[in-house]
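J.: I have a structure I would like to understand better, so I am pasting it below and will then ask my questions one at a time.
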Amino acid sequence: MTLGGRARVAVVFGRLAAAASRALGRGSGGMIGGRVAKAICGDVLARLADDRRCVMVTGTNGKSTTTRMVVAALEAAGHKVAVNQGGDNMEGGVVSALMSNMDAPFVILEVDEMHMPSIAAQIRPEVLLYLNLSRDQLDRVGGVSVVEGRLREAAANSPQAVMVVNCDDPQVTSAAWDCQGPHVWVAAGLSWTADSVQSPRSKGSIVREGLDWYDDSLAEFRRPDPDFELGGDDGANSGFRLIHNTISEDAVKDSQSWDLSVKLPGRANRANALMAVAAAYEMGVDIPTAIRGVQGVVDIAGRYKVARIDGRDARLILAKNPAGFQEALSMRDPSAVGTVLAVNARVGDGTDISWIQDVDFSSLSGPIVACGEEGLALQKRLKEQGVEAEFAPTAREGVLMCEAGAVDVLANYTAFQDLYVELKAQGLFTNAPRPLH
């Protein structure tokens, strides 16, 4: 890494700005530290990334979890890794991540979809990992087609990169389709298909037949054969088989499989684990070692943690958009005595909450509490689907409206953060296990 005098000054002042932000209680300092460094030295990002092996992880849902799993896989192989923290996934946060551990030869970055092209062009990643695309923060980023275009641009900016892509999602498959580098296709699944009805290639229809999908107007655009896939996964527990498929020079398919058990709930997290192992493998980590690292991940920035609140064991689950909410609903503990749903509409969430109209809440039963700044709108939407819910202004008040016992809290970004920060400050989180679903 060759920084030069101006970049070194930028790093010094960036770190000072980050430390000051933390000391004043303004946050992690990730964004402001990077912004200050970038203002002093315009090409500091490229300089900090020089001669370092970088993975960029993006997609609508699962970025933080998959990033943490890739880090765990590399650390299990004995590698030093720099990573961005606390959701600081725009350019300032990426600069701070690279400054935070300048001796680490590996850098794993969670990156906001809209910032992918500019960041990829500067750091020249070794791997681009594309998870999925669906509606999210419509007021900030627009429709899915806009985001697909940004990821397509990032791939075009990265001819040196290996593309690790969820081949069950036509949107990210399309975004990676024309990339000049190698493709690693991962059958990670797609439970939310509403945003991939229309082909991003031809504007024709995506036709689904079992696991296969294809563009009815563009025959060559269809689901690629996966290099990594899941086996023995009935959706009922966290254990499954990870399958790696290879094709020999004489076109013979060979498959190897390993057991993998994740400690995070839901099929989405099993898919995240599969994607993480595939990326780590492309970075030189053997599959058994990558599995050992990935299956040690137990929580992501408070997600799935349990807090003891006046006799209630409240488990926190992040659900920030239609696809995320639908997946979170499938993670609910059937033994829970109540479910709390919390929705805000701040800048960090996206101020347009029309997306709640697209979530199918009809499977909810038992005591339900709608809360948050948009709790009344949520309560109305639930009633339209035949689900009766009480109202509470905050998620904590919602938990206290439930009986003593297990309670699941599904909250979008700022509602989740508000509750997590409050409970952490009061030391209410426990290590009590909760069932995985």
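By order of appearance in the structure tokens: chains A, B, ..., then residues from 1 within every chain, and ligands from 1 in the order shown.
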Using only C-alpha atoms, which residues sit within 9 Å of range 296-307 of chain A once same-chain residues fewer than 6 positions away are excluded, as a ChimeraX atom specification?
T.: /A:64-65,68-69,72,85-87,262-265,313-318,416-417,420,423-424,427-434
J.: At a cut-off of 12 Å, using only C-alpha atoms, what residues contact Asn272 in chain A? Leave out same-chain residues fewer than 4 positions from it and give the result as a PyMOL selection string.
T.: chain A and resi 57-59+61-70+129-132+164-166+186-190+229-230+242+262-268+276-279+291+294-295+297
J.: With only C-alpha atoms as the counted atoms, please give the residues lying no more than 9 Å from Glu327 in chain A, apart from itself and same-chain residues fewer than 2 positions off, as a PDB file with N, CA and C atoms, in the first residue's frame.
T.:
ATOM      1  N   SER A 191     -37.381 -16.391  -1.705  1.00  0.00           N
ATOM      2  CA  SER A 191     -38.743 -16.586  -1.196  1.00  0.00           C
ATOM      3  C   SER A 191     -39.675 -15.481  -1.668  1.00  0.00           C
ATOM      4  N   TRP A 192     -39.139 -14.302  -1.967  1.00  0.00           N
ATOM      5  CA  TRP A 192     -39.947 -13.168  -2.412  1.00  0.00           C
ATOM      6  C   TRP A 192     -39.731 -12.983  -3.909  1.00  0.00           C
ATOM      7  N   GLY A 266     -34.061 -19.064  10.333  1.00  0.00           N
ATOM      8  CA  GLY A 266     -34.629 -18.791   9.027  1.00  0.00           C
ATOM      9  C   GLY A 266     -33.831 -19.331   7.857  1.00  0.00           C
ATOM     10  N   ARG A 267     -34.548 -19.653   6.777  1.00  0.00           N
ATOM     11  CA  ARG A 267     -33.884 -20.156   5.590  1.00  0.00           C
ATOM     12  C   ARG A 267     -32.989 -19.089   4.968  1.00  0.00           C
ATOM     13  N   ALA A 268     -33.357 -17.821   5.102  1.00  0.00           N
ATOM     14  CA  ALA A 268     -32.543 -16.755   4.522  1.00  0.00           C
ATOM     15  C   ALA A 268     -31.127 -16.786   5.070  1.00  0.00           C
ATOM     16  N   ALA A 319     -36.608  -6.320  10.174  1.00  0.00           N
ATOM     17  CA  ALA A 319     -37.480  -6.548   9.015  1.00  0.00           C
ATOM     18  C   ALA A 319     -37.756  -5.183   8.394  1.00  0.00           C
ATOM     19  N   PRO A 322     -40.604  -5.258   2.252  1.00  0.00           N
ATOM     20  CA  PRO A 322     -41.544  -6.376   2.085  1.00  0.00           C
ATOM     21  C   PRO A 322     -40.896  -7.748   2.125  1.00  0.00           C
ATOM     22  N   ALA A 323     -39.807  -7.931   1.376  1.00  0.00           N
ATOM     23  CA  ALA A 323     -39.148  -9.234   1.359  1.00  0.00           C
ATOM     24  C   ALA A 323     -38.601  -9.588   2.734  1.00  0.00           C
ATOM     25  N   GLY A 324     -37.980  -8.607   3.402  1.00  0.00           N
ATOM     26  CA  GLY A 324     -37.420  -8.844   4.726  1.00  0.00           C
ATOM     27  C   GLY A 324     -38.489  -9.157   5.754  1.00  0.00           C
ATOM     28  N   PHE A 325     -39.626  -8.449   5.678  1.00  0.00           N
ATOM     29  CA  PHE A 325     -40.706  -8.703   6.624  1.00  0.00           C
ATOM     30  C   PHE A 325     -41.302 -10.085   6.409  1.00  0.00           C
ATOM     31  N   LEU A 329     -41.319 -13.007   9.246  1.00  0.00           N
ATOM     32  CA  LEU A 329     -42.536 -13.650   9.737  1.00  0.00           C
ATOM     33  C   LEU A 329     -42.374 -15.165   9.803  1.00  0.00           C
ATOM     34  N   SER A 330     -41.570 -15.714   8.881  1.00  0.00           N
ATOM     35  CA  SER A 330     -41.348 -17.164   8.886  1.00  0.00           C
ATOM     36  C   SER A 330     -40.416 -17.604  10.007  1.00  0.00           C
ATOM     37  N   MET A 331     -39.721 -16.648  10.635  1.00  0.00           N
ATOM     38  CA  MET A 331     -38.797 -16.968  11.722  1.00  0.00           C
ATOM     39  C   MET A 331     -39.459 -16.941  13.095  1.00  0.00           C
TER      40      MET A 331
END
J.: Would you please extract all strand (DSSP E) residues from range 37-169 of chain A, as assigned by DSSP on the backbone, and give them as a PDB file with all heavy atoms, in the first residue's frame?
T.:
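Final output, out.pdb:
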ATOM      1  N   ARG A  53      -6.809  -7.461  -0.736  1.00  0.00           N
ATOM      2  CA  ARG A  53      -7.775  -8.355  -1.364  1.00  0.00           C
ATOM      3  C   ARG A  53      -9.170  -8.032  -0.820  1.00  0.00           C
ATOM      4  O   ARG A  53      -9.444  -8.238   0.363  1.00  0.00           O
ATOM      5  CB  ARG A  53      -7.393  -9.811  -1.110  1.00  0.00           C
ATOM      6  CG  ARG A  53      -5.993 -10.157  -1.610  1.00  0.00           C
ATOM      7  CD  ARG A  53      -5.669 -11.612  -1.375  1.00  0.00           C
ATOM      8  NE  ARG A  53      -6.558 -12.480  -2.162  1.00  0.00           N
ATOM      9  CZ  ARG A  53      -6.592 -13.807  -2.038  1.00  0.00           C
ATOM     10  NH1 ARG A  53      -5.802 -14.410  -1.145  1.00  0.00           N
ATOM     11  NH2 ARG A  53      -7.407 -14.527  -2.782  1.00  0.00           N
ATOM     12  N   CYS A  54     -10.009  -7.514  -1.692  1.00  0.00           N
ATOM     13  CA  CYS A  54     -11.299  -6.975  -1.260  1.00  0.00           C
ATOM     14  C   CYS A  54     -12.476  -7.788  -1.785  1.00  0.00           C
ATOM     15  O   CYS A  54     -12.498  -8.211  -2.946  1.00  0.00           O
ATOM     16  CB  CYS A  54     -11.449  -5.532  -1.733  1.00  0.00           C
ATOM     17  SG  CYS A  54     -10.233  -4.381  -1.058  1.00  0.00           S
ATOM     18  N   VAL A  55     -13.463  -7.973  -0.914  1.00  0.00           N
ATOM     19  CA  VAL A  55     -14.761  -8.538  -1.282  1.00  0.00           C
ATOM     20  C   VAL A  55     -15.813  -7.474  -1.004  1.00  0.00           C
ATOM     21  O   VAL A  55     -15.830  -6.882   0.080  1.00  0.00           O
ATOM     22  CB  VAL A  55     -15.095  -9.801  -0.454  1.00  0.00           C
ATOM     23  CG1 VAL A  55     -16.486 -10.332  -0.820  1.00  0.00           C
ATOM     24  CG2 VAL A  55     -14.043 -10.873  -0.660  1.00  0.00           C
ATOM     25  N   MET A  56     -16.687  -7.219  -1.973  1.00  0.00           N
ATOM     26  CA  MET A  56     -17.800  -6.299  -1.785  1.00  0.00           C
ATOM     27  C   MET A  56     -19.095  -7.102  -1.772  1.00  0.00           C
ATOM     28  O   MET A  56     -19.368  -7.873  -2.693  1.00  0.00           O
ATOM     29  CB  MET A  56     -17.829  -5.244  -2.893  1.00  0.00           C
ATOM     30  CG  MET A  56     -16.660  -4.279  -2.830  1.00  0.00           C
ATOM     31  SD  MET A  56     -16.570  -3.156  -4.268  1.00  0.00           S
ATOM     32  CE  MET A  56     -18.127  -2.273  -4.124  1.00  0.00           C
ATOM     33  N   VAL A  57     -19.891  -6.915  -0.715  1.00  0.00           N
ATOM     34  CA  VAL A  57     -21.146  -7.645  -0.528  1.00  0.00           C
ATOM     35  C   VAL A  57     -22.297  -6.661  -0.659  1.00  0.00           C
ATOM     36  O   VAL A  57     -22.317  -5.630   0.018  1.00  0.00           O
ATOM     37  CB  VAL A  57     -21.192  -8.309   0.864  1.00  0.00           C
ATOM     38  CG1 VAL A  57     -22.514  -9.044   1.066  1.00  0.00           C
ATOM     39  CG2 VAL A  57     -20.007  -9.252   1.058  1.00  0.00           C
ATOM     40  N   THR A  58     -23.262  -6.981  -1.521  1.00  0.00           N
ATOM     41  CA  THR A  58     -24.394  -6.074  -1.680  1.00  0.00           C
ATOM     42  C   THR A  58     -25.670  -6.845  -1.955  1.00  0.00           C
ATOM     43  O   THR A  58     -25.657  -8.043  -2.223  1.00  0.00           O
ATOM     44  CB  THR A  58     -24.115  -5.051  -2.807  1.00  0.00           C
ATOM     45  OG1 THR A  58     -25.013  -3.948  -2.678  1.00  0.00           O
ATOM     46  CG2 THR A  58     -24.267  -5.678  -4.186  1.00  0.00           C
ATOM     47  N   VAL A  81      -8.536  -9.394   8.912  1.00  0.00           N
ATOM     48  CA  VAL A  81      -9.573  -8.838   8.050  1.00  0.00           C
ATOM     49  C   VAL A  81     -10.018  -7.470   8.561  1.00  0.00           C
ATOM     50  O   VAL A  81     -10.250  -7.296   9.759  1.00  0.00           O
ATOM     51  CB  VAL A  81     -10.795  -9.778   7.995  1.00  0.00           C
ATOM     52  CG1 VAL A  81     -11.842  -9.242   7.035  1.00  0.00           C
ATOM     53  CG2 VAL A  81     -10.380 -11.190   7.606  1.00  0.00           C
ATOM     54  N   ALA A  82     -10.158  -6.523   7.653  1.00  0.00           N
ATOM     55  CA  ALA A  82     -10.782  -5.234   7.963  1.00  0.00           C
ATOM     56  C   ALA A  82     -12.212  -5.272   7.435  1.00  0.00           C
ATOM     57  O   ALA A  82     -12.482  -5.833   6.366  1.00  0.00           O
ATOM     58  CB  ALA A  82     -10.014  -4.093   7.307  1.00  0.00           C
ATOM     59  N   VAL A  83     -13.145  -4.671   8.184  1.00  0.00           N
ATOM     60  CA  VAL A  83     -14.556  -4.722   7.798  1.00  0.00           C
ATOM     61  C   VAL A  83     -15.253  -3.470   8.303  1.00  0.00           C
ATOM     62  O   VAL A  83     -14.881  -2.913   9.342  1.00  0.00           O
ATOM     63  CB  VAL A  83     -15.220  -6.000   8.377  1.00  0.00           C
ATOM     64  CG1 VAL A  83     -15.152  -6.025   9.901  1.00  0.00           C
ATOM     65  CG2 VAL A  83     -16.654  -6.147   7.886  1.00  0.00           C
ATOM     66  N   PHE A 106      -6.838  -8.546   3.973  1.00  0.00           N
ATOM     67  CA  PHE A 106      -8.177  -8.822   3.451  1.00  0.00           C
ATOM     68  C   PHE A 106      -9.148  -7.748   3.926  1.00  0.00           C
ATOM     69  O   PHE A 106      -9.114  -7.335   5.090  1.00  0.00           O
ATOM     70  CB  PHE A 106      -8.666 -10.187   3.926  1.00  0.00           C
ATOM     71  CG  PHE A 106      -7.949 -11.354   3.297  1.00  0.00           C
ATOM     72  CD1 PHE A 106      -6.745 -11.806   3.816  1.00  0.00           C
ATOM     73  CD2 PHE A 106      -8.466 -11.987   2.176  1.00  0.00           C
ATOM     74  CE1 PHE A 106      -6.075 -12.868   3.242  1.00  0.00           C
ATOM     75  CE2 PHE A 106      -7.805 -13.059   1.596  1.00  0.00           C
ATOM     76  CZ  PHE A 106      -6.601 -13.502   2.118  1.00  0.00           C
ATOM     77  N   VAL A 107     -10.024  -7.316   3.032  1.00  0.00           N
ATOM     78  CA  VAL A 107     -11.041  -6.314   3.368  1.00  0.00           C
ATOM     79  C   VAL A 107     -12.390  -6.826   2.880  1.00  0.00           C
ATOM     80  O   VAL A 107     -12.564  -7.115   1.685  1.00  0.00           O
ATOM     81  CB  VAL A 107     -10.734  -4.959   2.703  1.00  0.00           C
ATOM     82  CG1 VAL A 107     -11.792  -3.928   3.104  1.00  0.00           C
ATOM     83  CG2 VAL A 107      -9.347  -4.460   3.078  1.00  0.00           C
ATOM     84  N   ILE A 108     -13.345  -6.958   3.788  1.00  0.00           N
ATOM     85  CA  ILE A 108     -14.692  -7.412   3.442  1.00  0.00           C
ATOM     86  C   ILE A 108     -15.645  -6.256   3.695  1.00  0.00           C
ATOM     87  O   ILE A 108     -15.733  -5.753   4.818  1.00  0.00           O
ATOM     88  CB  ILE A 108     -15.115  -8.644   4.274  1.00  0.00           C
ATOM     89  CG1 ILE A 108     -13.986  -9.679   4.316  1.00  0.00           C
ATOM     90  CG2 ILE A 108     -16.399  -9.229   3.713  1.00  0.00           C
ATOM     91  CD1 ILE A 108     -13.552 -10.194   2.966  1.00  0.00           C
ATOM     92  N   LEU A 109     -16.359  -5.829   2.659  1.00  0.00           N
ATOM     93  CA  LEU A 109     -17.145  -4.606   2.737  1.00  0.00           C
ATOM     94  C   LEU A 109     -18.610  -4.849   2.418  1.00  0.00           C
ATOM     95  O   LEU A 109     -18.940  -5.386   1.351  1.00  0.00           O
ATOM     96  CB  LEU A 109     -16.597  -3.566   1.753  1.00  0.00           C
ATOM     97  CG  LEU A 109     -15.144  -3.137   1.957  1.00  0.00           C
ATOM     98  CD1 LEU A 109     -14.655  -2.343   0.761  1.00  0.00           C
ATOM     99  CD2 LEU A 109     -15.004  -2.326   3.245  1.00  0.00           C
ATOM    100  N   GLU A 110     -19.474  -4.471   3.335  1.00  0.00           N
ATOM    101  CA  GLU A 110     -20.901  -4.356   3.039  1.00  0.00           C
ATOM    102  C   GLU A 110     -21.096  -3.018   2.337  1.00  0.00           C
ATOM    103  O   GLU A 110     -20.694  -1.977   2.865  1.00  0.00           O
ATOM    104  CB  GLU A 110     -21.712  -4.398   4.328  1.00  0.00           C
ATOM    105  CG  GLU A 110     -23.172  -4.049   4.145  1.00  0.00           C
ATOM    106  CD  GLU A 110     -23.905  -3.829   5.453  1.00  0.00           C
ATOM    107  OE1 GLU A 110     -23.417  -4.280   6.512  1.00  0.00           O
ATOM    108  OE2 GLU A 110     -24.981  -3.203   5.406  1.00  0.00           O
ATOM    109  N   VAL A 127     -13.685  -9.973  -5.428  1.00  0.00           N
ATOM    110  CA  VAL A 127     -14.970 -10.675  -5.493  1.00  0.00           C
ATOM    111  C   VAL A 127     -16.096  -9.669  -5.321  1.00  0.00           C
ATOM    112  O   VAL A 127     -16.047  -8.808  -4.437  1.00  0.00           O
ATOM    113  CB  VAL A 127     -15.079 -11.762  -4.399  1.00  0.00           C
ATOM    114  CG1 VAL A 127     -16.503 -12.317  -4.320  1.00  0.00           C
ATOM    115  CG2 VAL A 127     -14.091 -12.892  -4.646  1.00  0.00           C
ATOM    116  N   LEU A 128     -17.110  -9.772  -6.166  1.00  0.00           N
ATOM    117  CA  LEU A 128     -18.378  -9.062  -5.972  1.00  0.00           C
ATOM    118  C   LEU A 128     -19.430 -10.101  -5.626  1.00  0.00           C
ATOM    119  O   LEU A 128     -19.635 -11.059  -6.384  1.00  0.00           O
ATOM    120  CB  LEU A 128     -18.795  -8.314  -7.237  1.00  0.00           C
ATOM    121  CG  LEU A 128     -17.985  -7.077  -7.637  1.00  0.00           C
ATOM    122  CD1 LEU A 128     -18.525  -6.493  -8.935  1.00  0.00           C
ATOM    123  CD2 LEU A 128     -18.035  -6.026  -6.541  1.00  0.00           C
ATOM    124  N   LEU A 129     -20.091  -9.935  -4.495  1.00  0.00           N
ATOM    125  CA  LEU A 129     -21.097 -10.885  -4.030  1.00  0.00           C
ATOM    126  C   LEU A 129     -22.461 -10.213  -4.114  1.00  0.00           C
ATOM    127  O   LEU A 129     -22.718  -9.226  -3.426  1.00  0.00           O
ATOM    128  CB  LEU A 129     -20.772 -11.332  -2.606  1.00  0.00           C
ATOM    129  CG  LEU A 129     -21.571 -12.505  -2.033  1.00  0.00           C
ATOM    130  CD1 LEU A 129     -20.806 -13.143  -0.873  1.00  0.00           C
ATOM    131  CD2 LEU A 129     -22.949 -12.084  -1.547  1.00  0.00           C
ATOM    132  N   TYR A 130     -23.339 -10.744  -4.961  1.00  0.00           N
ATOM    133  CA  TYR A 130     -24.676 -10.188  -5.183  1.00  0.00           C
ATOM    134  C   TYR A 130     -25.720 -11.129  -4.581  1.00  0.00           C
ATOM    135  O   TYR A 130     -25.887 -12.265  -5.029  1.00  0.00           O
ATOM    136  CB  TYR A 130     -24.948 -10.024  -6.676  1.00  0.00           C
ATOM    137  CG  TYR A 130     -24.244  -8.860  -7.348  1.00  0.00           C
ATOM    138  CD1 TYR A 130     -23.349  -8.042  -6.657  1.00  0.00           C
ATOM    139  CD2 TYR A 130     -24.486  -8.569  -8.687  1.00  0.00           C
ATOM    140  CE1 TYR A 130     -22.708  -6.980  -7.277  1.00  0.00           C
ATOM    141  CE2 TYR A 130     -23.859  -7.509  -9.323  1.00  0.00           C
ATOM    142  CZ  TYR A 130     -22.970  -6.720  -8.624  1.00  0.00           C
ATOM    143  OH  TYR A 130     -22.347  -5.670  -9.243  1.00  0.00           O
ATOM    144  N   VAL A 162     -14.318 -11.803  -9.564  1.00  0.00           N
ATOM    145  CA  VAL A 162     -15.148 -13.000  -9.630  1.00  0.00           C
ATOM    146  C   VAL A 162     -16.531 -12.612  -9.126  1.00  0.00           C
ATOM    147  O   VAL A 162     -16.669 -12.009  -8.060  1.00  0.00           O
ATOM    148  CB  VAL A 162     -14.573 -14.130  -8.750  1.00  0.00           C
ATOM    149  CG1 VAL A 162     -15.508 -15.329  -8.744  1.00  0.00           C
ATOM    150  CG2 VAL A 162     -13.187 -14.530  -9.217  1.00  0.00           C
ATOM    151  N   MET A 163     -17.579 -12.940  -9.890  1.00  0.00           N
ATOM    152  CA  MET A 163     -18.946 -12.638  -9.499  1.00  0.00           C
ATOM    153  C   MET A 163     -19.535 -13.839  -8.760  1.00  0.00           C
ATOM    154  O   MET A 163     -19.669 -14.919  -9.333  1.00  0.00           O
ATOM    155  CB  MET A 163     -19.806 -12.334 -10.724  1.00  0.00           C
ATOM    156  CG  MET A 163     -19.312 -11.210 -11.607  1.00  0.00           C
ATOM    157  SD  MET A 163     -19.309  -9.587 -10.790  1.00  0.00           S
ATOM    158  CE  MET A 163     -20.991  -9.437 -10.201  1.00  0.00           C
ATOM    159  N   VAL A 164     -19.861 -13.666  -7.473  1.00  0.00           N
ATOM    160  CA  VAL A 164     -20.545 -14.698  -6.686  1.00  0.00           C
ATOM    161  C   VAL A 164     -21.990 -14.242  -6.560  1.00  0.00           C
ATOM    162  O   VAL A 164     -22.283 -13.245  -5.884  1.00  0.00           O
ATOM    163  CB  VAL A 164     -19.888 -14.869  -5.308  1.00  0.00           C
ATOM    164  CG1 VAL A 164     -20.665 -15.883  -4.464  1.00  0.00           C
ATOM    165  CG2 VAL A 164     -18.433 -15.309  -5.456  1.00  0.00           C
ATOM    166  N   VAL A 165     -22.903 -14.951  -7.220  1.00  0.00           N
ATOM    167  CA  VAL A 165     -24.244 -14.412  -7.457  1.00  0.00           C
ATOM    168  C   VAL A 165     -25.322 -15.442  -7.156  1.00  0.00           C
ATOM    169  O   VAL A 165     -25.187 -16.629  -7.500  1.00  0.00           O
ATOM    170  CB  VAL A 165     -24.375 -13.950  -8.932  1.00  0.00           C
ATOM    171  CG1 VAL A 165     -25.742 -13.321  -9.185  1.00  0.00           C
ATOM    172  CG2 VAL A 165     -23.263 -12.976  -9.296  1.00  0.00           C
ATOM    173  N   ASN A 166     -26.403 -14.981  -6.549  1.00  0.00           N
ATOM    174  CA  ASN A 166     -27.572 -15.817  -6.298  1.00  0.00           C
ATOM    175  C   ASN A 166     -28.304 -16.054  -7.615  1.00  0.00           C
ATOM    176  O   ASN A 166     -29.037 -15.186  -8.097  1.00  0.00           O
ATOM    177  CB  ASN A 166     -28.492 -15.127  -5.279  1.00  0.00           C
ATOM    178  CG  ASN A 166     -29.748 -15.915  -4.992  1.00  0.00           C
ATOM    179  OD1 ASN A 166     -29.936 -17.023  -5.475  1.00  0.00           O
ATOM    180  ND2 ASN A 166     -30.633 -15.333  -4.186  1.00  0.00           N
TER     181      ASN A 166
END
J.: My list of candidates is A:Glu209, A:Lys203, A:Gln256, A:Glu75. Which is closest to Phe228 in chain A when distances are computed with only C-alpha atoms?
T.: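 Once distances to Phe228 in chain A are computed over only C-alpha atoms, the minimum belongs to A:Gln256.
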J.: Using backbone DSSP assignments, extract all alpha helix (DSSP H) residues from range 130-268 of chain A; output them as a list in words.
T.: Leu138, Asp139, Arg140, Val141, Val144, Ser145, Val146, Val147, Glu148, Gly149, Arg150, Leu151, Arg152, Glu153, Ala154, Ala155, Ala156, Pro170, Gln171, Val172, Thr173, Ser174, Ala175, Ala176, Arg267 and Ala268 of chain A
J.: Between range 78-159 of chain A and range 350-357 of chain A, at 12 Å or less, what are the per-residue closest atom pairs and their distances in Å? Count only C-alpha atoms, order by chain and rising residue number, and return it as a Markdown table.
T.:
| residue | atom | partner | partner_atom | distance |
| --- | --- | --- | --- | --- |
| A:Ser134 | CA | A:Trp355 | CA | 10.9 |
| A:Arg135 | CA | A:Trp355 | CA | 7.9 |
| A:Asp136 | CA | A:Gly350 | CA | 7.6 |
| A:Gln137 | CA | A:Gly350 | CA | 4.3 |
| A:Leu138 | CA | A:Asp352 | CA | 6.5 |
| A:Asp139 | CA | A:Asp352 | CA | 5.9 |
| A:Arg140 | CA | A:Gly350 | CA | 6.8 |
| A:Val141 | CA | A:Gly350 | CA | 9.3 |
| A:Gly142 | CA | A:Asp352 | CA | 10.7 |
| A:Gly143 | CA | A:Trp355 | CA | 11.8 |
J.: Could you dump the residues just selected with N, CA and C atoms as a PDB file, in the first residue's frame?
T.:
ATOM      1  N   SER A 134     -34.876  -6.386  -4.222  1.00  0.00           N
ATOM      2  CA  SER A 134     -36.320  -6.190  -4.095  1.00  0.00           C
ATOM      3  C   SER A 134     -36.557  -4.755  -3.653  1.00  0.00           C
ATOM      4  N   ARG A 135     -37.806  -4.369  -3.574  1.00  0.00           N
ATOM      5  CA  ARG A 135     -38.139  -2.991  -3.212  1.00  0.00           C
ATOM      6  C   ARG A 135     -37.621  -2.619  -1.825  1.00  0.00           C
ATOM      7  N   ASP A 136     -37.041  -1.427  -1.742  1.00  0.00           N
ATOM      8  CA  ASP A 136     -36.515  -0.950  -0.460  1.00  0.00           C
ATOM      9  C   ASP A 136     -36.230   0.545  -0.591  1.00  0.00           C
ATOM     10  N   GLN A 137     -36.734   1.336   0.343  1.00  0.00           N
ATOM     11  CA  GLN A 137     -36.488   2.777   0.358  1.00  0.00           C
ATOM     12  C   GLN A 137     -36.778   3.400  -1.012  1.00  0.00           C
ATOM     13  N   LEU A 138     -38.019   3.287  -1.453  1.00  0.00           N
ATOM     14  CA  LEU A 138     -38.403   3.763  -2.777  1.00  0.00           C
ATOM     15  C   LEU A 138     -38.164   5.259  -2.943  1.00  0.00           C
ATOM     16  N   ASP A 139     -38.287   6.018  -1.864  1.00  0.00           N
ATOM     17  CA  ASP A 139     -38.082   7.468  -1.958  1.00  0.00           C
ATOM     18  C   ASP A 139     -36.624   7.823  -2.224  1.00  0.00           C
ATOM     19  N   ARG A 140     -35.698   6.923  -1.849  1.00  0.00           N
ATOM     20  CA  ARG A 140     -34.263   7.213  -2.038  1.00  0.00           C
ATOM     21  C   ARG A 140     -33.708   6.596  -3.308  1.00  0.00           C
ATOM     22  N   VAL A 141     -34.062   5.370  -3.592  1.00  0.00           N
ATOM     23  CA  VAL A 141     -33.404   4.660  -4.699  1.00  0.00           C
ATOM     24  C   VAL A 141     -34.307   4.390  -5.889  1.00  0.00           C
ATOM     25  N   GLY A 142     -35.620   4.532  -5.725  1.00  0.00           N
ATOM     26  CA  GLY A 142     -36.517   4.237  -6.833  1.00  0.00           C
ATOM     27  C   GLY A 142     -36.810   2.756  -6.930  1.00  0.00           C
ATOM     28  N   GLY A 143     -37.235   2.320  -8.127  1.00  0.00           N
ATOM     29  CA  GLY A 143     -37.639   0.935  -8.327  1.00  0.00           C
ATOM     30  C   GLY A 143     -36.471  -0.021  -8.432  1.00  0.00           C
TER      31      GLY A 143
END
J.: Check the smallest atom-to-atom distance from each of A:Ala175, A:Leu133, A:Ile40, A:Ala219 to Pro117 in chain A using only C-alpha atoms, then report the winner.
T.: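 Of the candidates, the smallest distance to Pro117 in chain A is held by A:Ala175.
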J.: Could you tell me which of A:Gly232, A:Gly78, A:Gly311, A:Gly372 comes closest to Ala290 in chain A if we count only C-alpha atoms?
T.: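 Ranking A:Gly232, A:Gly78, A:Gly311, A:Gly372 by distance to Ala290 in chain A, first place goes to A:Gly78.
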J.: Considering only C-alpha atoms, return as a PDB file with N, CA and C atoms, in the first residue's frame whatever protein or nucleic-acid residues lie within 9 Å of Cys41 in chain A, sequence-local ones (same chain, fewer than 5 positions apart) excluded.
T.:
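Result file is around24.pdb:
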ATOM      1  N   ARG A   6      -0.228  13.208   1.543  1.00  0.00           N
ATOM      2  CA  ARG A   6      -1.579  13.752   1.692  1.00  0.00           C
ATOM      3  C   ARG A   6      -2.548  12.693   2.222  1.00  0.00           C
ATOM      4  N   ALA A   7      -2.424  11.473   1.730  1.00  0.00           N
ATOM      5  CA  ALA A   7      -3.310  10.405   2.195  1.00  0.00           C
ATOM      6  C   ALA A   7      -3.048  10.068   3.657  1.00  0.00           C
ATOM      7  N   ARG A   8      -1.777  10.116   4.081  1.00  0.00           N
ATOM      8  CA  ARG A   8      -1.470   9.852   5.492  1.00  0.00           C
ATOM      9  C   ARG A   8      -2.093  10.906   6.398  1.00  0.00           C
ATOM     10  N   VAL A   9      -2.026  12.160   5.964  1.00  0.00           N
ATOM     11  CA  VAL A   9      -2.677  13.239   6.729  1.00  0.00           C
ATOM     12  C   VAL A   9      -4.179  12.996   6.783  1.00  0.00           C
ATOM     13  N   ALA A  10      -4.753  12.569   5.654  1.00  0.00           N
ATOM     14  CA  ALA A  10      -6.192  12.289   5.601  1.00  0.00           C
ATOM     15  C   ALA A  10      -6.574  11.208   6.593  1.00  0.00           C
ATOM     16  N   VAL A  11      -5.763  10.163   6.702  1.00  0.00           N
ATOM     17  CA  VAL A  11      -6.039   9.077   7.629  1.00  0.00           C
ATOM     18  C   VAL A  11      -5.982   9.569   9.070  1.00  0.00           C
ATOM     19  N   VAL A  36     -14.239  12.918   6.270  1.00  0.00           N
ATOM     20  CA  VAL A  36     -13.142  13.855   6.512  1.00  0.00           C
ATOM     21  C   VAL A  36     -11.899  13.437   5.731  1.00  0.00           C
TER      22      VAL A  36
END
J.: Which polymer residues have any atom within 12 Å of an atom of Glu91 in chain A, counting only C-alpha atoms, with same-chain residues fewer than 5 positions away left out, as an NGL selection string?
T.: :A and (30-39 or 42-46 or 84 or 96-98 or 109-123)
J.: Between A:Leu341, A:Val252, A:Val407, A:Val71, single out the one closest to Arg308 in chain A, counting only C-alpha atoms.
T.: A:Val407
